[in-house]
$ cat query-v8.txt   # compact mmCIF, C-alpha atoms and all ligand atoms
# COMPACT_ATOMS: atom_id res chain seq x y z
CA GLU A 1377 35.53 48.68 -46.94
CA VAL A 1378 33.14 50.85 -44.84
CA TYR A 1379 34.43 53.43 -42.34
CA THR A 1380 31.93 54.41 -39.65
CA ALA A 1381 31.45 56.52 -36.48
CA SER A 1382 28.45 57.37 -34.27
CA THR A 1383 27.53 60.05 -31.76
CA THR A 1384 24.55 61.69 -30.08
CA ALA A 1385 23.78 65.36 -29.53
CA PRO A 1386 21.25 66.82 -27.10
CA VAL A 1387 18.42 69.28 -27.66
CA ASN A 1388 19.05 72.75 -26.23
CA ILE A 1389 16.37 75.29 -25.29
CA ALA A 1390 17.40 78.94 -25.30
CA VAL A 1391 16.66 81.13 -22.29
CA ILE A 1392 18.10 84.15 -24.16
CA LYS A 1393 16.88 83.70 -27.73
CA TYR A 1394 18.73 83.86 -31.02
CA TRP A 1395 16.44 85.75 -33.41
CA GLY A 1396 17.93 87.67 -36.31
CA LYS A 1397 20.88 87.18 -38.68
CA ARG A 1398 23.43 89.70 -39.77
CA ASP A 1399 24.65 87.18 -42.37
CA PRO A 1400 22.07 84.60 -43.49
CA LYS A 1401 24.60 82.56 -45.47
CA LEU A 1402 26.96 81.94 -42.55
CA ASN A 1403 24.15 82.07 -39.93
CA LEU A 1404 25.82 84.94 -38.11
CA PRO A 1405 23.41 86.32 -35.50
CA THR A 1406 22.44 89.87 -34.59
CA ASN A 1407 22.74 89.00 -30.88
CA SER A 1408 24.39 86.50 -28.56
CA SER A 1409 22.18 83.82 -26.99
CA LEU A 1410 22.24 81.30 -24.15
CA SER A 1411 20.63 77.89 -23.69
CA VAL A 1412 20.17 75.03 -21.27
CA THR A 1413 21.02 71.60 -22.66
CA LEU A 1414 18.41 68.91 -22.06
CA ALA A 1415 19.54 65.50 -20.79
CA GLN A 1416 21.77 63.55 -23.20
CA SER A 1417 19.95 60.30 -22.53
CA ASP A 1418 16.60 61.91 -23.14
CA LEU A 1419 15.85 64.33 -25.99
CA ARG A 1420 18.59 63.80 -28.50
CA THR A 1421 19.59 62.90 -32.04
CA HIS A 1422 21.65 59.78 -32.63
CA THR A 1423 23.72 59.88 -35.81
CA THR A 1424 25.97 57.44 -37.61
CA ALA A 1425 28.27 58.73 -40.35
CA SER A 1426 29.95 56.35 -42.74
CA CYS A 1427 31.84 56.47 -46.02
CA SER A 1428 32.91 53.81 -48.46
CA PRO A 1429 34.27 53.44 -52.01
CA SER A 1430 31.40 50.97 -52.55
CA TYR A 1431 28.65 53.56 -51.84
CA PRO A 1432 26.72 55.27 -54.67
CA PRO A 1433 28.58 58.48 -55.62
CA GLN A 1434 26.08 60.91 -54.03
CA ASP A 1435 26.18 61.84 -50.32
CA SER A 1436 22.99 60.80 -48.53
CA LEU A 1437 21.14 61.59 -45.29
CA LEU A 1438 18.41 59.44 -43.78
CA LEU A 1439 16.43 61.11 -40.93
CA ASN A 1440 14.02 58.90 -38.98
CA GLY A 1441 13.97 56.54 -41.94
CA SER A 1442 13.22 59.09 -44.64
CA GLU A 1443 15.64 60.33 -47.27
CA GLN A 1444 16.55 64.03 -46.89
CA ASP A 1445 17.77 66.48 -49.49
CA VAL A 1446 21.47 67.13 -48.88
CA SER A 1447 21.92 69.58 -51.76
CA GLY A 1448 20.90 72.61 -49.65
CA PRO A 1449 23.61 75.18 -48.83
CA ARG A 1450 23.59 74.45 -45.08
CA THR A 1451 24.25 70.73 -45.26
CA GLN A 1452 26.70 71.36 -48.10
CA ALA A 1453 28.60 73.92 -45.99
CA CYS A 1454 29.01 71.38 -43.16
CA PHE A 1455 30.15 68.60 -45.53
CA ARG A 1456 32.56 70.96 -47.34
CA GLU A 1457 34.21 72.29 -44.16
CA LEU A 1458 34.64 68.83 -42.62
CA ARG A 1459 36.01 67.37 -45.87
CA ALA A 1460 38.51 70.24 -46.12
CA LEU A 1461 39.79 69.51 -42.60
CA ARG A 1462 40.11 65.80 -43.41
CA LYS A 1463 41.94 66.68 -46.63
CA GLN A 1464 44.48 68.70 -44.63
CA LEU A 1465 45.14 65.65 -42.42
CA GLU A 1466 45.48 63.39 -45.45
CA ASP A 1467 47.90 65.79 -47.14
CA ALA A 1468 50.03 65.89 -43.99
CA ASN A 1469 49.88 62.10 -43.43
CA PRO A 1470 49.99 60.29 -46.79
CA GLU A 1471 49.45 56.89 -45.12
CA LEU A 1472 45.89 57.88 -44.01
CA PRO A 1473 42.99 56.46 -46.06
CA LYS A 1474 41.59 59.11 -48.43
CA LEU A 1475 38.18 59.41 -46.77
CA SER A 1476 37.69 63.01 -47.89
CA SER A 1477 37.03 61.87 -51.46
CA LEU A 1478 34.50 59.12 -50.54
CA PRO A 1479 30.70 59.57 -50.56
CA LEU A 1480 29.14 60.03 -47.11
CA LYS A 1481 26.11 58.22 -45.76
CA ILE A 1482 24.48 59.81 -42.68
CA VAL A 1483 21.78 58.01 -40.70
CA SER A 1484 20.01 60.02 -37.96
CA GLU A 1485 17.24 59.21 -35.49
CA ASN A 1486 15.45 61.67 -33.21
CA ASN A 1487 13.76 60.34 -30.11
CA PHE A 1488 11.34 63.30 -30.09
CA PRO A 1489 8.87 64.69 -32.67
CA THR A 1490 10.70 66.42 -35.52
CA ALA A 1491 9.64 70.01 -36.25
CA ALA A 1492 7.54 70.16 -33.07
CA GLY A 1493 9.30 73.36 -32.14
CA LEU A 1494 11.68 71.26 -30.06
CA ALA A 1495 14.80 72.55 -31.82
CA SER A 1496 15.33 69.34 -33.76
CA SER A 1497 17.63 71.12 -36.21
CA ALA A 1498 19.94 72.02 -33.33
CA ALA A 1499 20.51 68.46 -32.13
CA GLY A 1500 20.46 67.25 -35.75
CA PHE A 1501 23.24 69.42 -37.14
CA ALA A 1502 25.31 69.11 -33.96
CA ALA A 1503 25.17 65.31 -34.19
CA LEU A 1504 25.84 65.34 -37.95
CA VAL A 1505 28.94 67.51 -37.58
CA ARG A 1506 30.37 65.56 -34.65
CA ALA A 1507 29.66 62.17 -36.27
CA ILE A 1508 31.58 63.18 -39.42
CA ALA A 1509 34.38 64.74 -37.34
CA ASN A 1510 34.69 61.42 -35.47
CA LEU A 1511 34.62 59.47 -38.74
CA TYR A 1512 37.40 61.68 -40.11
CA GLU A 1513 39.32 61.51 -36.79
CA LEU A 1514 39.65 65.29 -36.78
CA PRO A 1515 41.48 66.90 -33.88
CA SER A 1516 38.83 69.67 -33.77
CA SER A 1517 37.66 71.05 -30.41
CA PRO A 1518 33.95 71.50 -29.53
CA THR A 1519 34.50 75.21 -30.28
CA ASP A 1520 35.75 74.39 -33.80
CA LEU A 1521 32.81 72.04 -34.35
CA SER A 1522 30.37 74.70 -33.08
CA ARG A 1523 31.68 77.05 -35.81
CA ILE A 1524 30.83 74.43 -38.44
CA ALA A 1525 27.48 73.32 -36.93
CA ARG A 1526 26.37 76.97 -36.79
CA GLN A 1527 26.39 76.99 -40.59
CA GLY A 1528 23.92 74.08 -40.57
CA SER A 1529 21.55 75.79 -38.13
CA GLY A 1530 22.44 78.66 -35.82
CA SER A 1531 21.13 77.07 -32.63
CA ALA A 1532 23.05 73.84 -33.42
CA CYS A 1533 26.32 75.42 -32.27
CA ARG A 1534 24.95 75.38 -28.69
CA SER A 1535 24.33 71.59 -28.78
CA LEU A 1536 28.05 70.74 -28.91
CA PHE A 1537 28.48 71.51 -25.22
CA GLY A 1538 26.51 70.24 -22.22
CA GLY A 1539 24.99 72.24 -19.38
CA TYR A 1540 24.61 76.02 -19.76
CA VAL A 1541 25.87 77.18 -23.12
CA GLY A 1542 26.35 80.62 -24.64
CA TRP A 1543 26.74 81.54 -28.30
CA GLU A 1544 28.94 84.59 -28.76
CA GLN A 1545 27.63 86.57 -31.72
CA GLY A 1546 31.13 87.65 -32.74
CA SER A 1547 32.01 90.49 -35.09
CA ALA A 1548 34.27 88.97 -37.77
CA ALA A 1549 32.78 88.94 -41.27
CA ASP A 1550 33.92 85.35 -41.86
CA GLY A 1551 32.19 84.11 -38.67
CA SER A 1552 35.42 82.86 -37.11
CA ASP A 1553 34.52 84.33 -33.70
CA SER A 1554 30.82 83.37 -33.76
CA VAL A 1555 31.11 80.23 -31.63
CA ALA A 1556 29.54 78.50 -28.65
CA PHE A 1557 31.11 78.41 -25.17
CA GLN A 1558 30.20 76.65 -21.96
CA VAL A 1559 28.96 78.96 -19.20
CA ALA A 1560 28.77 76.13 -16.66
CA PRO A 1561 28.54 72.34 -16.78
CA ALA A 1562 25.23 70.71 -15.82
CA SER A 1563 26.83 69.59 -12.55
CA HIS A 1564 27.12 73.25 -11.51
CA TRP A 1565 23.33 73.38 -10.98
CA PRO A 1566 22.14 69.76 -10.98
CA GLN A 1567 18.76 70.62 -9.44
CA MET A 1568 17.59 72.27 -12.67
CA ARG A 1569 14.58 70.56 -14.27
CA ALA A 1570 12.68 71.19 -17.49
CA LEU A 1571 9.13 70.19 -18.24
CA ILE A 1572 8.04 70.26 -21.86
CA LEU A 1573 4.40 70.75 -22.76
CA VAL A 1574 3.85 69.46 -26.25
CA VAL A 1575 0.93 71.69 -27.18
CA SER A 1576 1.19 70.64 -30.79
CA ALA A 1577 3.51 68.19 -32.52
CA ALA A 1578 2.49 69.59 -35.91
CA LYS A 1579 5.06 71.33 -38.10
CA LYS A 1580 5.33 75.02 -37.27
CA GLY A 1581 3.78 77.72 -39.46
CA VAL A 1582 6.62 80.14 -40.16
CA SER A 1583 10.12 78.62 -40.07
CA SER A 1584 12.64 80.34 -37.83
CA THR A 1585 14.86 81.15 -40.79
CA THR A 1586 12.10 82.99 -42.68
CA GLY A 1587 10.56 84.45 -39.53
CA MET A 1588 13.75 86.06 -38.24
CA GLN A 1589 14.58 87.54 -41.64
CA THR A 1590 11.15 89.22 -41.78
CA THR A 1591 11.51 90.46 -38.20
CA VAL A 1592 14.91 92.05 -38.93
CA ALA A 1593 13.46 93.71 -42.03
CA THR A 1594 10.22 95.06 -40.52
CA SER A 1595 10.07 95.20 -36.71
CA SER A 1596 10.71 98.56 -35.06
CA LEU A 1597 11.08 96.86 -31.65
CA PHE A 1598 13.82 94.61 -32.98
CA PRO A 1599 16.83 97.01 -32.89
CA ALA A 1600 16.28 97.76 -29.19
CA ARG A 1601 16.02 94.05 -28.43
CA ALA A 1602 19.18 93.11 -30.36
CA ASN A 1603 21.34 96.08 -29.40
CA GLU A 1604 20.28 96.93 -25.85
CA THR A 1605 18.01 94.41 -24.15
CA VAL A 1606 19.77 91.17 -25.06
CA PRO A 1607 23.37 92.35 -24.43
CA ARG A 1608 22.32 93.45 -20.93
CA ARG A 1609 20.37 90.27 -20.25
CA MET A 1610 23.24 88.04 -21.46
CA LYS A 1611 25.43 89.45 -18.68
CA GLU A 1612 22.64 89.17 -16.12
CA MET A 1613 21.84 85.61 -17.17
CA ILE A 1614 25.47 84.50 -16.91
CA SER A 1615 25.67 85.86 -13.34
CA ALA A 1616 22.29 84.30 -12.44
CA ILE A 1617 23.66 80.92 -13.55
CA GLU A 1618 27.02 81.45 -11.85
CA ASN A 1619 25.21 82.35 -8.60
CA ARG A 1620 22.56 79.62 -9.01
CA ASP A 1621 19.99 82.38 -8.54
CA PHE A 1622 16.75 80.83 -9.79
CA GLU A 1623 14.65 83.95 -9.29
CA ALA A 1624 16.93 85.97 -11.56
CA PHE A 1625 17.30 83.06 -14.02
CA GLY A 1626 13.53 82.59 -14.16
CA LYS A 1627 12.64 86.24 -14.54
CA LEU A 1628 15.17 86.76 -17.34
CA THR A 1629 14.01 83.59 -19.09
CA MET A 1630 10.36 84.65 -19.10
CA MET A 1631 11.08 88.25 -20.03
CA ASP A 1632 13.32 87.24 -22.92
CA SER A 1633 10.73 84.82 -24.27
CA ASN A 1634 8.11 87.58 -24.05
CA SER A 1635 10.46 90.04 -25.75
CA PHE A 1636 11.15 87.62 -28.60
CA HIS A 1637 7.42 86.92 -29.14
CA ALA A 1638 6.70 90.65 -28.96
CA THR A 1639 9.09 91.27 -31.86
CA CYS A 1640 7.32 88.45 -33.72
CA LEU A 1641 3.98 90.20 -33.26
CA ASP A 1642 5.65 93.46 -34.28
CA THR A 1643 6.86 91.82 -37.51
CA TYR A 1644 4.89 92.60 -40.66
CA PRO A 1645 3.04 90.47 -41.61
CA PRO A 1646 2.82 89.45 -37.92
CA ILE A 1647 4.09 86.08 -36.73
CA PHE A 1648 2.12 84.21 -34.05
CA TYR A 1649 3.83 81.27 -32.43
CA LEU A 1650 1.86 81.21 -29.15
CA ASN A 1651 -1.72 79.94 -29.08
CA ASP A 1652 -4.45 79.82 -26.40
CA VAL A 1653 -2.92 76.73 -24.80
CA SER A 1654 0.50 78.44 -24.68
CA ARG A 1655 -1.08 81.46 -22.98
CA ALA A 1656 -2.89 79.19 -20.51
CA ALA A 1657 0.50 77.61 -19.67
CA ILE A 1658 1.88 81.10 -18.95
CA LYS A 1659 -1.04 81.67 -16.56
CA VAL A 1660 -0.37 78.40 -14.77
CA VAL A 1661 3.28 79.43 -14.25
CA GLU A 1662 2.15 82.83 -12.98
CA ALA A 1663 -0.27 81.18 -10.55
CA ILE A 1664 2.50 78.88 -9.27
CA ASN A 1665 4.82 81.84 -8.71
CA LYS A 1666 2.12 83.93 -7.05
CA LYS A 1667 1.32 81.12 -4.65
CA ALA A 1668 5.02 80.60 -3.82
CA GLY A 1669 5.49 84.35 -3.32
CA ARG A 1670 8.53 84.27 -5.61
CA ILE A 1671 9.68 82.91 -8.95
CA VAL A 1672 9.98 79.13 -8.72
CA ALA A 1673 8.97 78.28 -12.31
CA ALA A 1674 9.80 79.94 -15.64
CA TYR A 1675 8.31 79.39 -19.09
CA THR A 1676 9.92 79.90 -22.46
CA PHE A 1677 8.66 79.35 -26.02
CA ASP A 1678 10.63 78.92 -29.26
CA ALA A 1679 9.20 79.27 -32.77
CA GLY A 1680 6.12 77.22 -31.89
CA PRO A 1681 3.38 76.86 -29.25
CA ASN A 1682 5.13 74.29 -27.01
CA ALA A 1683 6.11 75.47 -23.54
CA VAL A 1684 9.32 74.59 -21.77
CA VAL A 1685 9.05 75.21 -18.04
CA TYR A 1686 12.22 75.38 -15.96
CA TYR A 1687 12.14 74.81 -12.20
CA LEU A 1688 14.30 73.36 -9.43
CA GLU A 1689 13.94 69.78 -8.23
CA GLU A 1690 12.69 70.92 -4.80
CA ARG A 1691 9.62 72.40 -6.53
CA GLU A 1692 8.80 69.25 -8.49
CA LYS A 1693 5.54 68.65 -6.61
CA GLU A 1694 4.09 72.12 -7.10
CA VAL A 1695 5.20 72.64 -10.68
CA ALA A 1696 4.84 69.22 -12.28
CA GLY A 1697 1.90 68.48 -9.95
CA LEU A 1698 -0.07 71.57 -10.87
CA PHE A 1699 0.52 71.15 -14.59
CA LYS A 1700 -0.67 67.57 -14.29
CA ALA A 1701 -3.78 68.63 -12.40
CA VAL A 1702 -4.62 71.41 -14.85
CA LEU A 1703 -3.90 69.30 -17.89
CA GLY A 1704 -5.76 66.34 -16.51
CA GLU A 1705 -8.88 68.12 -15.34
CA LYS A 1706 -9.72 71.04 -17.57
CA ASP A 1707 -11.84 70.15 -20.57
CA GLY A 1708 -10.39 73.14 -22.38
CA TRP A 1709 -7.05 71.39 -22.66
CA GLN A 1710 -8.52 68.33 -24.32
CA GLY A 1711 -7.88 67.67 -27.96
CA GLU A 1712 -5.65 70.62 -28.58
CA ARG A 1713 -3.20 69.87 -25.83
CA GLY A 1714 -1.50 66.89 -27.41
CA GLU A 1715 0.70 64.68 -25.29
CA ARG A 1716 2.37 65.92 -22.18
CA VAL A 1717 5.99 64.98 -21.75
CA GLN A 1718 8.17 65.70 -18.81
CA ARG A 1719 11.90 65.75 -19.11
CA ASP A 1720 14.80 66.54 -16.86
CA ALA A 1721 17.36 69.15 -17.71
CA GLU A 1722 20.78 67.62 -18.12
C1 LIG B 1 13.48 80.63 -31.55
O1 LIG B 1 18.62 77.84 -35.14
O2 LIG B 1 16.39 77.07 -36.02
O3 LIG B 1 14.65 78.58 -31.32
O4 LIG B 1 19.84 79.37 -37.93
O5 LIG B 1 17.88 79.63 -39.41
O6 LIG B 1 18.51 77.35 -38.58
P1 LIG B 1 18.49 78.84 -38.29
O7 LIG B 1 17.53 79.06 -37.06
P2 LIG B 1 17.32 78.19 -35.75
O8 LIG B 1 16.58 79.27 -34.84
C2 LIG B 1 16.27 79.04 -33.50
C3 LIG B 1 15.40 80.15 -33.00
C4 LIG B 1 14.84 79.94 -31.61
C5 LIG B 1 15.72 80.60 -30.56
C6 LIG B 1 16.98 79.88 -30.16
O9 LIG B 1 17.06 78.64 -30.23
O10 LIG B 1 17.90 80.59 -29.73

$ encode --input "query-v8.txt" --output "structure tokens" --more "lines below"
Ligand code: DP6
Amino acid sequence: EVYTASTTAPVNIAVIKYWGKRDPKLNLPTNSSLSVTLAQSDLRTHTTASCSPSYPPQDSLLLNGSEQDVSGPRTQACFRELRALRKQLEDANPELPKLSSLPLKIVSENNFPTAAGLASSAAGFAALVRAIANLYELPSSPTDLSRIARQGSGSACRSLFGGYVGWEQGSAADGSDSVAFQVAPASHWPQMRALILVVSAAKKGVSSTTGMQTTVATSSLFPARANETVPRRMKEMISAIENRDFEAFGKLTMMDSNSFHATCLDTYPPIFYLNDVSRAAIKVVEAINKKAGRIVAAYTFDAGPNAVVYYLEEREKEVAGLFKAVLGEKDGWQGERGERVQRDAE
């Protein structure tokens, strides 16, 4: 007999970045963060979890057709926590099948380039955790699942909710209060759009895990960012979203991306995620905003050169149009620019 369950989880792109861990084992962050979830139907991971007494004894994970190592502490932490919750159910209801002792088989597919700086680990761990929770028929809430997914990859906790999602850093040593929460559903601000410029689909140079550890250890700008700048901006960002104030949302988004990349440059040895194409994208956004006389487009970059540009539907022509014109016409963009994809925010 084979027991099975499937789910999908969306990619999220932070507008207030998570960068720095106070506990690398539990993925407990040094600051809270906030993201916008990209459309479910669009950039997402689809995952099927199954278990069976007839499977080989080892747990397995297939991602986009290739076998992944599941022995790492992060995947193990997710498996262990979910199995423990299932075990509790089985102990309380002896008639339930003993799924917690069966080997797991996880099959995941991304519909976007893995490791392209598009937060694939976020959608990946969120989908893995929810698929197993569904398989085990756990009564866990999205908040409970965010606590588990966080241990797979920090940013994954924000992919268990839709719309505008915060991750409260928490203060408990066991991570019990370091969970995601919904700031507003996507329907609160349905005009929000996101355009993704895939500058490079190649695997990034310095992984976020290693990069943020080095930043915490060496950057002198980092403490001010984590302890002063981000806490203030979290509050401002939540009100900007509540008030559907795009100018405030856009300015905070760009300034936080710049602050994060500044601490990367201030890391020793320095970390460079932006390249010439990324910087050209920043200039295009600045030109759009200058022409409009206010902020109508906002860029943000994660641990890679790809730009995500947020704007409102009413500005589709100027923003998407200008990027298309620049990308299509300038020789300088050729070769290095990679494909250009445009996606809607959820
Ligand atoms: C720059 O969540 O990938 O995208 O917890 O080590 O897996 P780990 O890190 P990860 O870091 C994401 C960093 C970021 C900012 C963000 O998404 O908030």

$ residues_near_ligand --input "query-v8.txt" --ligand "ligand LIG 1 (chain B)" --cutoff "7 Å" --atoms "only C-alpha atoms and all ligand atoms" --output "list of chain:residue names"
A:Ile1389, A:Ala1390, A:Ile1392, A:Lys1393, A:Tyr1394, A:Trp1395, A:Asn1403, A:Ser1409, A:Ala1495, A:Ser1497, A:Ala1498, A:Gly1528, A:Ser1529, A:Gly1530, A:Ser1531, A:Ala1532, A:Ser1584, A:Thr1585, A:Asp1678, A:Ala1679

$ closest_atom_pairs --input "query-v8.txt" --of "segment 1514-1601 of chain A" --to "segment 1612-1626 of chain A" --cutoff "9 Å" --atoms "only C-alpha atoms" --output "CSV"
residue,atom,partner,partner_atom,distance
A:Tyr1540,CA,A:Ile1617,CA,8.0
A:Gly1542,CA,A:Ile1614,CA,8.7
A:Val1559,CA,A:Ile1614,CA,6.9
A:Ala1560,CA,A:Glu1618,CA,7.4
A:His1564,CA,A:Glu1618,CA,8.2
A:Trp1565,CA,A:Arg1620,CA,6.6

$ closest_atom_pairs --input "query-v8.txt" --of "segment 1462-1503 of chain A" --to "segment 1427-1444 of chain A" --cutoff "7 Å" --atoms "all atoms listed in the file" --output "JSON lines"
{"residue": "A:Leu1478", "atom": "CA", "partner": "A:Pro1429", "partner_atom": "CA", "distance": 5.9}
{"residue": "A:Pro1479", "atom": "CA", "partner": "A:Asp1435", "partner_atom": "CA", "distance": 5.1}
{"residue": "A:Leu1480", "atom": "CA", "partner": "A:Cys1427", "partner_atom": "CA", "distance": 4.6}
{"residue": "A:Lys1481", "atom": "CA", "partner": "A:Ser1436", "partner_atom": "CA", "distance": 4.9}
{"residue": "A:Ile1482", "atom": "CA", "partner": "A:Leu1437", "partner_atom": "CA", "distance": 4.6}
{"residue": "A:Val1483", "atom": "CA", "partner": "A:Leu1438", "partner_atom": "CA", "distance": 4.8}
{"residue": "A:Ser1484", "atom": "CA", "partner": "A:Leu1439", "partner_atom": "CA", "distance": 4.8}
{"residue": "A:Glu1485", "atom": "CA", "partner": "A:Asn1440", "partner_atom": "CA", "distance": 4.8}
{"residue": "A:Asn1486", "atom": "CA", "partner": "A:Asn1440", "partner_atom": "CA", "distance": 6.6}

$ residues_around --input "query-v8.txt" --residues "Ala1509 of chain A" --least-positions-apart "2" --cutoff "9 Å" --atoms "all atoms listed in the file" --output "ChimeraX atom specification"
/A:1381,1458,1461-1462,1504-1507,1511-1516,1521

$ residues_near_point --input "query-v8.txt" --point "(31.0, 78.8, -37.4)" --cutoff "12 Å" --atoms "all atoms listed in the file" --output "JSON, numbers by chain"
{"A": [1399, 1401, 1402, 1403, 1404, 1405, 1450, 1453, 1454, 1457, 1458, 1502, 1505, 1518, 1519, 1520, 1521, 1522, 1523, 1524, 1525, 1526, 1527, 1528, 1529, 1530, 1531, 1532, 1533, 1534, 1543, 1544, 1545, 1546, 1547, 1548, 1549, 1550, 1551, 1552, 1553, 1554, 1555, 1556]}

$ closest_atom_pairs --input "query-v8.txt" --of "segment 1561-1597 of chain A" --to "segment 1654-1663 of chain A" --cutoff "12 Å" --atoms "all atoms listed in the file" --output "Markdown table"
| residue | atom | partner | partner_atom | distance |
| --- | --- | --- | --- | --- |
| A:Leu1571 | CA | A:Ala1657 | CA | 11.5 |
| A:Ile1572 | CA | A:Ala1657 | CA | 10.8 |
| A:Leu1573 | CA | A:Ala1657 | CA | 8.5 |
| A:Val1574 | CA | A:Ser1654 | CA | 9.7 |
| A:Val1575 | CA | A:Ser1654 | CA | 7.2 |
| A:Ser1576 | CA | A:Ser1654 | CA | 9.9 |

$ atom_distance --input "query-v8.txt" --atom1 "atom CA of Val1695 of chain A" --atom2 "atom CA of Asp1418 of chain A"
20.0 Å

$ atom_distance --input "query-v8.txt" --atom1 "atom CA of Ser1517 of chain A" --atom2 "atom CA of Leu1419 of chain A"
23.2 Å

$ closest_residue --input "query-v8.txt" --among "A:Ser1477, A:Thr1591, A:Asn1407, A:Ser1382" --to "Thr1424 of chain A" --atoms "all atoms listed in the file"
A:Ser1382

$ residues_near_point --input "query-v8.txt" --point "(9.9, 90.4, -29.7)" --cutoff "9 Å" --atoms "all atoms listed in the file" --output "PyMOL selection string"
chain A and resi 1395+1591+1595+1597-1598+1601+1632-1643

$ residues_around --input "query-v8.txt" --residues "Tyr1687 of chain A" --least-positions-apart "6" --cutoff "8 Å" --atoms "all atoms listed in the file" --output "ChimeraX atom specification"
/A:1568-1570,1622,1672-1674,1695

$ closest_residue --input "query-v8.txt" --among "A:Ala1460, A:Met1631, A:Ala1600, A:Ala1385" --to "Thr1423 of chain A" --atoms "all atoms listed in the file"
A:Ala1385

$ closest_residue --input "query-v8.txt" --among "A:Asn1682, A:Gln1464, A:Thr1413, A:Ser1408" --to "Phe1537 of chain A" --atoms "all atoms listed in the file"
A:Thr1413

$ atom_distance --input "query-v8.txt" --atom1 "atom CA of Arg1456 of chain A" --atom2 "atom CA of Val1541 of chain A"
25.9 Å

$ axis_aligned_box --input "query-v8.txt" --around "segment 1643-1648 of chain A" --padding-each-side "5 Å" --output "JSON"
{"center_x": 4.5, "center_y": 88.4, "center_z": -37.8, "size_x": 14.7, "size_y": 18.4, "size_z": 17.6}

$ closest_residue --input "query-v8.txt" --among "A:Gln1567, A:Ser1535, A:Thr1590, A:Thr1406" --to "Pro1607 of chain A" --atoms "all atoms listed in the file"
A:Thr1406

$ closest_residue --input "query-v8.txt" --among "A:Pro1681, A:Gly1669, A:Gly1539, A:Gly1581" --to "Pro1386 of chain A" --atoms "only C-alpha atoms"
A:Gly1539
